[in-house]
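J.: Next comes upload_18.cif, mmCIF, C-alpha atoms:
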data_target
loop_
_atom_site.label_atom_id
_atom_site.label_comp_id
_atom_site.auth_asym_id
_atom_site.auth_seq_id
_atom_site.Cartn_x
_atom_site.Cartn_y
_atom_site.Cartn_z
CA MET A 15 -17.38 43.58 24.28
CA LYS A 16 -20.68 41.84 25.01
CA ASN A 17 -23.67 44.12 24.47
CA LYS A 18 -25.24 43.52 27.89
CA TRP A 19 -26.73 47.03 27.75
CA LYS A 20 -28.72 46.09 24.62
CA LEU A 21 -27.67 49.29 22.89
CA THR A 22 -28.65 49.64 19.24
CA LYS A 23 -27.40 51.89 16.48
CA ASN A 24 -30.88 53.35 15.92
CA PHE A 25 -31.27 54.24 19.59
CA ILE A 26 -27.90 56.03 19.87
CA LYS A 27 -28.42 57.78 16.52
CA ARG A 28 -31.90 58.97 17.52
CA GLU A 29 -30.81 60.33 20.92
CA TYR A 30 -27.38 61.66 19.92
CA ILE A 31 -27.82 62.85 16.33
CA ASP A 32 -31.54 63.60 15.99
CA LYS A 33 -32.33 64.89 19.49
CA LYS A 34 -28.85 66.45 19.90
CA LYS A 35 -28.33 65.04 23.39
CA SER A 36 -24.76 64.76 24.65
CA LEU A 37 -23.40 61.27 25.34
CA LEU A 38 -22.97 62.30 28.97
CA LYS A 39 -26.66 63.17 29.25
CA ILE A 40 -27.74 59.95 27.51
CA SER A 41 -25.49 57.85 29.74
CA LYS A 42 -27.11 59.39 32.84
CA GLU A 43 -30.63 58.89 31.53
CA ILE A 44 -30.20 55.18 30.75
CA GLY A 45 -27.62 54.35 33.43
CA VAL A 46 -24.84 53.30 31.07
CA PRO A 47 -21.19 54.34 31.69
CA TYR A 48 -20.10 57.20 29.42
CA GLU A 49 -17.07 55.23 28.18
CA THR A 50 -19.28 52.27 27.20
CA LEU A 51 -21.71 54.48 25.33
CA TYR A 52 -18.84 56.19 23.51
CA TRP A 53 -17.37 52.80 22.55
CA TYR A 54 -20.65 51.65 21.01
CA LYS A 55 -21.06 54.96 19.15
CA ASN A 56 -17.72 54.36 17.46
CA LYS A 57 -18.51 50.70 16.87
CA PHE A 58 -21.73 51.60 15.02
CA GLY A 59 -19.87 54.24 12.98
CA ILE A 60 -21.95 57.17 14.27
CA PRO A 61 -20.14 60.48 13.56
CA THR A 62 -19.06 62.69 16.45
CA ILE A 63 -20.79 66.04 16.94
CA PRO A 64 -18.02 68.69 17.20
CA SER A 65 -17.39 70.16 20.64
CA SER A 66 -18.10 73.66 19.26
CA PHE A 67 -21.80 72.67 19.05
CA TRP A 68 -22.08 72.02 22.79
CA CYS A 69 -20.21 75.23 23.70
CA LYS A 70 -22.11 77.51 21.35
CA GLY A 71 -23.69 80.42 23.19
CA LYS A 72 -22.29 79.34 26.57
CA ARG A 73 -20.18 81.56 28.80
CA ASN A 74 -17.14 80.52 30.73
CA SER A 75 -17.48 79.94 34.45
CA PRO A 76 -17.80 83.25 36.37
CA GLU A 77 -14.90 82.04 38.50
CA THR A 78 -12.50 81.67 35.56
CA GLU A 79 -13.59 84.17 32.92
CA PHE A 80 -11.76 87.49 32.76
CA LYS A 81 -13.79 90.20 34.49
CA THR A 82 -14.99 93.14 32.39
CA GLY A 83 -13.02 96.32 32.97
CA ILE A 84 -9.96 94.67 34.51
CA VAL A 85 -6.79 95.67 32.69
CA PRO A 86 -4.13 92.91 32.49
CA TRP A 87 -1.03 93.90 34.46
CA ASN A 88 1.23 93.41 31.40
CA LYS A 89 -0.97 95.12 28.80
CA GLY A 90 1.10 97.42 26.61
CA LYS A 91 4.31 96.41 28.35
CA GLU A 92 7.13 94.62 26.61
CA GLY A 93 10.24 92.85 27.79
CA LEU A 94 8.99 92.06 31.32
CA VAL A 95 9.55 88.34 30.96
CA PRO A 96 11.63 87.85 27.80
CA ALA A 97 11.48 84.43 26.20
CA TRP A 98 14.71 82.44 26.45
CA ASN A 99 14.66 81.77 22.69
CA LYS A 100 13.63 85.26 21.56
CA GLY A 101 15.64 86.30 18.51
CA LYS A 102 17.29 82.89 18.29
CA LYS A 103 16.89 80.62 15.28
CA LEU A 104 17.49 76.91 15.18
CA SER A 105 20.19 75.91 12.78
CA THR A 106 19.30 73.80 9.74
CA GLU A 107 21.40 70.97 11.12
CA TYR A 108 19.59 71.06 14.48
CA LYS A 109 16.16 71.10 12.78
CA LYS A 110 17.21 68.12 10.70
CA LYS A 111 18.24 66.21 13.83
CA ILE A 112 14.86 66.91 15.45
CA SER A 113 13.04 65.74 12.31
CA ILE A 114 15.05 62.51 12.07
CA ALA A 115 14.57 61.76 15.78
CA THR A 116 10.80 62.37 15.56
CA LYS A 117 10.37 60.16 12.49
CA LYS A 118 12.46 57.44 14.09
CA ALA A 119 10.39 57.56 17.27
CA MET A 120 7.07 57.43 15.38
CA ASN A 121 8.21 54.30 13.55
CA ASN A 122 8.56 52.52 16.87
CA PRO A 123 5.45 50.30 17.39
CA GLU A 124 5.58 50.76 21.18
CA ILE A 125 5.55 54.56 20.90
CA ILE A 126 2.74 54.45 18.33
CA LYS A 127 0.74 52.25 20.69
CA LYS A 128 1.30 54.65 23.62
CA VAL A 129 0.31 57.68 21.53
CA GLN A 130 -2.89 55.98 20.37
CA LYS A 131 -3.71 54.90 23.92
CA TYR A 132 -3.11 58.16 25.78
CA GLN A 133 -3.66 60.87 23.17
CA PHE A 134 -6.99 62.62 23.75
CA LYS A 135 -9.26 61.89 20.81
CA LYS A 136 -10.72 64.80 18.87
CA GLY A 137 -14.35 65.52 19.69
CA ILE A 138 -14.44 63.67 23.02
CA ILE A 139 -15.87 65.75 25.83
CA PRO A 140 -14.28 65.01 29.25
CA TRP A 141 -16.90 63.45 31.52
CA ASN A 142 -16.14 65.95 34.32
CA LYS A 143 -16.08 69.11 32.18
CA GLY A 144 -17.91 71.97 33.87
CA LYS A 145 -18.61 69.90 36.99
CA ARG A 146 -17.52 70.50 40.54
CA GLY A 147 -17.59 68.25 43.55
CA VAL A 148 -17.46 65.02 41.53
CA TYR A 149 -14.61 63.57 43.61
CA SER A 150 -14.85 62.51 47.25
CA VAL A 151 -12.37 63.80 49.85
CA GLU A 152 -10.64 60.40 49.88
CA VAL A 153 -10.19 60.39 46.09
CA ILE A 154 -8.86 63.96 46.13
CA GLU A 155 -6.27 62.96 48.76
CA LYS A 156 -5.18 59.98 46.66
CA ILE A 157 -4.84 62.19 43.56
CA ARG A 158 -2.88 64.76 45.57
CA ALA A 159 -0.55 62.11 47.01
CA ALA A 160 0.11 60.69 43.53
CA ARG A 161 0.68 64.18 42.09
CA LEU A 162 3.27 64.97 44.78
CA LYS A 163 5.37 62.04 43.60
CA GLN A 164 5.57 63.42 40.06
CA VAL A 165 8.33 65.83 39.04
CA PHE A 166 7.57 68.73 36.66
CA PRO A 167 9.58 69.55 34.66
CA LYS A 168 11.32 66.20 34.27
CA LYS A 169 14.76 67.81 34.35
CA ASP A 170 16.08 69.89 37.26
CA THR A 171 15.69 73.62 36.76
CA LYS A 172 18.70 75.93 36.67
CA ILE A 173 18.24 77.13 40.25
CA GLU A 174 17.53 73.60 41.52
CA THR A 175 20.84 72.49 39.98
CA ILE A 176 22.63 75.33 41.81
CA LEU A 177 20.96 74.35 45.10
CA PHE A 178 21.90 70.68 44.69
CA LYS A 179 25.52 71.64 43.92
CA ILE A 180 25.68 73.79 47.07
CA LEU A 181 24.39 70.89 49.17
CA SER A 182 26.89 68.51 47.55
CA ASP A 183 29.75 70.97 48.18
CA LEU A 184 28.75 71.07 51.84
CA GLY A 185 28.90 67.28 51.95
CA LEU A 186 25.25 66.95 52.92
CA LYS A 187 23.09 63.95 52.17
CA PHE A 188 19.77 65.03 50.67
CA LYS A 189 16.85 63.81 48.60
CA LYS A 190 15.58 65.60 45.51
CA HIS A 191 11.90 66.29 44.80
CA THR A 192 10.62 64.49 47.87
CA ALA A 193 6.94 64.41 48.82
CA ILE A 194 6.48 65.55 52.42
CA LYS A 195 3.45 63.65 53.69
CA SER A 196 0.47 65.02 51.74
CA ILE A 197 1.53 68.65 52.07
CA CYS A 198 3.89 69.46 49.22
CA GLN A 199 7.00 68.38 47.33
CA ALA A 200 10.33 69.65 48.67
CA ASP A 201 12.96 70.60 46.12
CA ALA A 202 15.54 69.20 48.55
CA PHE A 203 14.99 67.35 51.83
CA ILE A 204 17.64 66.82 54.50
CA GLU A 205 16.74 64.28 57.13
CA PRO A 206 15.24 64.39 59.61
CA ASN A 207 13.24 67.58 59.11
CA ILE A 208 14.81 70.27 56.89
CA VAL A 209 12.84 71.27 53.80
CA LEU A 210 14.49 73.47 51.16
CA PHE A 211 12.88 75.21 48.20
CA ALA A 212 14.53 76.86 45.18
CA ASP A 213 11.90 79.47 44.31
CA GLY A 214 11.73 81.40 41.07
CA ASP A 215 11.48 85.17 41.57
CA PHE A 216 8.44 85.55 39.31
CA TRP A 217 6.36 82.47 40.02
CA HIS A 218 6.82 82.60 43.79
CA CYS A 219 6.77 86.42 43.94
CA ASN A 220 10.10 87.45 45.45
CA PRO A 221 9.14 90.27 47.89
CA ARG A 222 12.26 92.25 46.96
CA VAL A 223 11.11 92.38 43.34
CA TYR A 224 7.32 92.38 43.71
CA LYS A 225 6.63 94.52 46.78
CA ASN A 226 2.90 95.00 46.11
CA PRO A 227 1.69 91.89 44.25
CA THR A 228 -1.70 92.28 42.59
CA THR A 229 -1.77 89.69 39.79
CA ILE A 230 -3.89 86.57 40.13
CA VAL A 231 -0.83 84.35 39.62
CA HIS A 232 1.14 86.03 42.39
CA LEU A 233 -1.72 86.13 44.89
CA LYS A 234 -2.63 82.50 44.21
CA ASN A 235 0.96 81.26 44.54
CA LEU A 236 1.60 83.33 47.67
CA LYS A 237 -1.49 81.87 49.31
CA ARG A 238 -0.50 78.31 48.38
CA ASP A 239 3.12 78.73 49.55
CA LYS A 240 1.97 80.20 52.89
CA LYS A 241 -0.50 77.37 53.41
CA GLU A 242 2.12 74.70 52.67
CA GLU A 243 4.75 76.40 54.82
CA ASP A 244 2.38 76.69 57.81
CA ALA A 245 1.43 73.01 57.46
CA LEU A 246 5.10 71.96 57.36
CA ILE A 247 5.95 74.01 60.46
CA ARG A 248 3.00 72.49 62.34
CA GLU A 249 4.37 69.05 61.51
CA GLY A 250 7.77 69.99 62.97
CA TYR A 251 9.69 70.71 59.76
CA ILE A 252 12.21 73.53 59.30
CA VAL A 253 11.46 75.39 56.06
CA LYS A 254 13.87 77.56 54.08
CA ARG A 255 13.13 79.23 50.75
CA LEU A 256 16.10 80.27 48.62
CA TRP A 257 15.33 82.82 45.91
CA GLU A 258 16.38 82.59 42.29
CA TYR A 259 18.29 85.88 42.41
CA ASP A 260 20.33 84.80 45.44
CA LEU A 261 21.11 81.33 44.10
CA ILE A 262 22.37 82.75 40.80
CA ASN A 263 24.13 85.87 42.05
CA LYS A 264 25.03 85.05 45.67
CA PRO A 265 25.69 81.29 45.88
CA GLU A 266 28.19 81.71 48.72
CA GLU A 267 25.64 83.54 50.85
CA CYS A 268 23.15 80.74 50.18
CA LYS A 269 25.80 78.21 51.19
CA ASN A 270 26.42 80.05 54.47
CA THR A 271 22.67 80.25 55.11
CA ILE A 272 22.30 76.49 54.73
CA ARG A 273 25.41 75.86 56.82
CA LYS A 274 23.98 77.95 59.69
CA LEU A 275 20.62 76.23 59.32
CA ILE A 276 22.25 72.79 59.72
CA LYS A 277 24.27 73.87 62.75
CA SER A 278 21.25 75.38 64.47
#
Write the structure described by the file as C-alpha cells, please.
T.:
Amino acid sequence: MKNKWKLTKNFIKREYIDKKKSLLKISKEIGVPYETLYWYKNKFGIPTIPSSFWCKGKRNSPETEFKTGIVPWNKGKEGLVPAWNKGKKLSTEYKKKISIATKKAMNNPEIIKKVQKYQFKKGIIPWNKGKRGVYSVEVIEKIRAARLKQVFPKKDTKIETILFKILSDLGLKFKKHTAIKSICQADAFIEPNIVLFADGDFWHCNPRVYKNPTTIVHLKNLKRDKKEEDALIREGYIVKRLWEYDLINKPEECKNTIRKLIKS
C-alpha cells in the first residue's frame, strides 16, 4: 500500500500510545480512513491498547443498561425454559468425531484463509461502536433487504419442518424463507399472496401461554410482529401465524386451517 497519507511511525506512536487517543479519533482529526490508520499501525509494529482501557469508567447506554430496581422476570425461577441438552453428556466416540472433524477442517488452506479474513481481530474497536445515525435511510434499506434474504438458523426448525410437511401433504406449491418486499421473511409463501409463519410459543409470545406479557423480549417481538403483519395486510397479503403448540400437538387442525385458508 502506497503511503499517500505520509503517515509515520513516530506520529502514530505519539498520538496513539503517548497521548492515548483512539485510532477512530485520530482518523477523524487528520482525515484518514480508520482502516488505513489501523493497517499502518500494524505495519509499524505498534502494540494495540486493550479495549478495556477505552471502556474504563464508562457506563452502558441508558437505553440498553438494566434499570436499577427492576427484578428480572426469571429471577429465582428454574425450569421455565429447560435446555435441550440439560443432563445429557456427549459420548466419547461423538467427542472424538467432533475433534477429528475440527482438526481436518482447520488443516484446509481455504478454511484457514476464511477464518483469518473474517474473524474479528482482538483489540479492534468497531468504527460504529456507541454511535447512532451513522447510516443513511437508503443504506439501512439495503442492509434490511440483504438481511431478509439470509436464513437463521441455517437448518429448518422443528416447527418449520412440520409446517412444510403439512403443505406438502396438501399438495401445495410453496417457497421457504421468502423475503416479502422489504417487510419481513415468510417461513412459507404460497403464491400469489398467502404468507405463513411457524411461530415459537416463547419468542413470539403465544397469547394462550403468556396472557399478560411484561418482559422486554415479549413486548419487543409483539411490536415487531404487529408492525410486519399490518404492513403485509396493507400490501394485500393474507397472513396466518401457526403456533408451536398447535403444530406439534394438533397438526391435523393446522392442516384444516390452511386448507380453509386456500379455499377462501
J.: Taking 5 positions as the minimum chain separation for residues in the same chain, which residues sit within 12 Å of Lys240 of chain A when counting only C-alpha atoms? Answer as an NGL selection string.
T.: :A and (197-198 or 218-219 or 233-235 or 245-247 or 253 or 255)
J.: Which distance in Å separates atom CA of Arg158 of chain A and atom CA of Ser196 of chain A, to one decimal?
T.: 7.0 Å
J.: Enter the distance from atom CA of Tyr224 of chain A to atom CA of Val85 of chain A, in Å, rounded to one decimal.
T.: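 These atoms are spaced 18.2 Å apart.
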J.: Between A:Ile276, A:Thr50, A:Asp239, A:Val153, which residue has the minimum interatomic distance to Lys187 of chain A, considering only C-alpha atoms?
T.: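 That would be A:Ile276, the residue with the smallest distance to Lys187 of chain A.
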J.: I'd like the neighbourhood of segment 52-60 of chain A as number ranges by chain, where a residue qualifies if any of its atoms comes within 12 Å (using only C-alpha atoms), though same-chain residues fewer than 3 positions away should be ignored.
T.: A: 15-32, 36-41, 46-49, 63, 135, 137-141
J.: Those residues you just picked out, can you put them in a file as a PDB file, keeping the file's coordinate frame with C-alpha atoms?
T.:
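Okay, this is what ended up in part.pdb:
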ATOM      1  CA  MET A  15     -17.380  43.580  24.280  1.00  0.00           C
ATOM      2  CA  LYS A  16     -20.680  41.840  25.010  1.00  0.00           C
ATOM      3  CA  ASN A  17     -23.670  44.120  24.470  1.00  0.00           C
ATOM      4  CA  LYS A  18     -25.240  43.520  27.890  1.00  0.00           C
ATOM      5  CA  TRP A  19     -26.730  47.030  27.750  1.00  0.00           C
ATOM      6  CA  LYS A  20     -28.720  46.090  24.620  1.00  0.00           C
ATOM      7  CA  LEU A  21     -27.670  49.290  22.890  1.00  0.00           C
ATOM      8  CA  THR A  22     -28.650  49.640  19.240  1.00  0.00           C
ATOM      9  CA  LYS A  23     -27.400  51.890  16.480  1.00  0.00           C
ATOM     10  CA  ASN A  24     -30.880  53.350  15.920  1.00  0.00           C
ATOM     11  CA  PHE A  25     -31.270  54.240  19.590  1.00  0.00           C
ATOM     12  CA  ILE A  26     -27.900  56.030  19.870  1.00  0.00           C
ATOM     13  CA  LYS A  27     -28.420  57.780  16.520  1.00  0.00           C
ATOM     14  CA  ARG A  28     -31.900  58.970  17.520  1.00  0.00           C
ATOM     15  CA  GLU A  29     -30.810  60.330  20.920  1.00  0.00           C
ATOM     16  CA  TYR A  30     -27.380  61.660  19.920  1.00  0.00           C
ATOM     17  CA  ILE A  31     -27.820  62.850  16.330  1.00  0.00           C
ATOM     18  CA  ASP A  32     -31.540  63.600  15.990  1.00  0.00           C
ATOM     19  CA  SER A  36     -24.760  64.760  24.650  1.00  0.00           C
ATOM     20  CA  LEU A  37     -23.400  61.270  25.340  1.00  0.00           C
ATOM     21  CA  LEU A  38     -22.970  62.300  28.970  1.00  0.00           C
ATOM     22  CA  LYS A  39     -26.660  63.170  29.250  1.00  0.00           C
ATOM     23  CA  ILE A  40     -27.740  59.950  27.510  1.00  0.00           C
ATOM     24  CA  SER A  41     -25.490  57.850  29.740  1.00  0.00           C
ATOM     25  CA  VAL A  46     -24.840  53.300  31.070  1.00  0.00           C
ATOM     26  CA  PRO A  47     -21.190  54.340  31.690  1.00  0.00           C
ATOM     27  CA  TYR A  48     -20.100  57.200  29.420  1.00  0.00           C
ATOM     28  CA  GLU A  49     -17.070  55.230  28.180  1.00  0.00           C
ATOM     29  CA  ILE A  63     -20.790  66.040  16.940  1.00  0.00           C
ATOM     30  CA  LYS A 135      -9.260  61.890  20.810  1.00  0.00           C
ATOM     31  CA  GLY A 137     -14.350  65.520  19.690  1.00  0.00           C
ATOM     32  CA  ILE A 138     -14.440  63.670  23.020  1.00  0.00           C
ATOM     33  CA  ILE A 139     -15.870  65.750  25.830  1.00  0.00           C
ATOM     34  CA  PRO A 140     -14.280  65.010  29.250  1.00  0.00           C
ATOM     35  CA  TRP A 141     -16.900  63.450  31.520  1.00  0.00           C
TER      36      TRP A 141
END
J.: Spell out the residues picked by the PyMOL selection byres ((chain A and resi 268) around 12) here, as JSON, numbers by chain.
T.: {"A": [173, 176, 177, 178, 179, 180, 181, 183, 184, 210, 211, 212, 254, 255, 256, 257, 258, 259, 260, 261, 262, 263, 264, 265, 266, 267, 269, 270, 271, 272, 273, 274, 275]}
J.: Of the residues A:Thr175, A:Ser278, A:Gln133, A:Asn88, which is the one nearest to Ala202 of chain A, using all atoms listed in the file?
T.: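 Of the candidates, the smallest distance to Ala202 of chain A is held by A:Thr175.
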J.: Any idea what the distance is between atom CA of Ile125 of chain A and atom CA of Arg161 of chain A?
T.: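 Atom-to-atom, atom CA of Ile125 of chain A to atom CA of Arg161 of chain A, that is 23.8 Å.
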J.: Using all atoms listed in the file, which of the listed residues (A:Asn207, A:Lys102, A:Asp213, A:Lys131) sits closest to Thr171 of chain A?
T.: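 Smallest separation from Thr171 of chain A among the options: A:Asp213.
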J.: Between A:Lys111, A:Lys277, A:Arg222, A:His232, which has the minimum distance to Ile208 of chain A (counting all atoms listed in the file)?
T.: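 Checking each candidate against Ile208 of chain A, we get A:Lys277 as the closest.
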J.: N, CA and C atoms are what I want for segment 150-161 of chain A; can you complete it accordingly and write them as a tab-separated table (two decimals), keeping the file's coordinate frame?
T.:
chain	number	residue	atom	x	y	z
A	150	SER	N	-14.74	62.53	45.79
A	150	SER	CA	-14.85	62.51	47.25
A	150	SER	C	-13.55	63.00	47.85
A	151	VAL	N	-13.57	63.32	49.15
A	151	VAL	CA	-12.37	63.80	49.85
A	151	VAL	C	-11.27	62.76	49.78
A	152	GLU	N	-11.62	61.48	49.91
A	152	GLU	CA	-10.64	60.40	49.88
A	152	GLU	C	-9.95	60.32	48.51
A	153	VAL	N	-10.75	60.45	47.45
A	153	VAL	CA	-10.19	60.39	46.09
A	153	VAL	C	-9.27	61.58	45.84
A	154	ILE	N	-9.68	62.75	46.31
A	154	ILE	CA	-8.86	63.96	46.13
A	154	ILE	C	-7.52	63.78	46.83
A	155	GLU	N	-7.52	63.19	48.02
A	155	GLU	CA	-6.27	62.96	48.76
A	155	GLU	C	-5.36	61.98	48.02
A	156	LYS	N	-5.97	60.95	47.42
A	156	LYS	CA	-5.18	59.98	46.66
A	156	LYS	C	-4.56	60.64	45.43
A	157	ILE	N	-5.35	61.48	44.74
A	157	ILE	CA	-4.84	62.19	43.56
A	157	ILE	C	-3.71	63.13	43.96
A	158	ARG	N	-3.90	63.83	45.09
A	158	ARG	CA	-2.88	64.76	45.57
A	158	ARG	C	-1.59	64.04	45.92
A	159	ALA	N	-1.73	62.88	46.62
A	159	ALA	CA	-0.55	62.11	47.01
A	159	ALA	C	0.21	61.61	45.78
A	160	ALA	N	-0.53	61.17	44.76
A	160	ALA	CA	0.11	60.69	43.53
A	160	ALA	C	0.78	61.84	42.79
A	161	ARG	N	0.12	63.01	42.78
A	161	ARG	CA	0.68	64.18	42.09
A	161	ARG	C	1.98	64.64	42.74
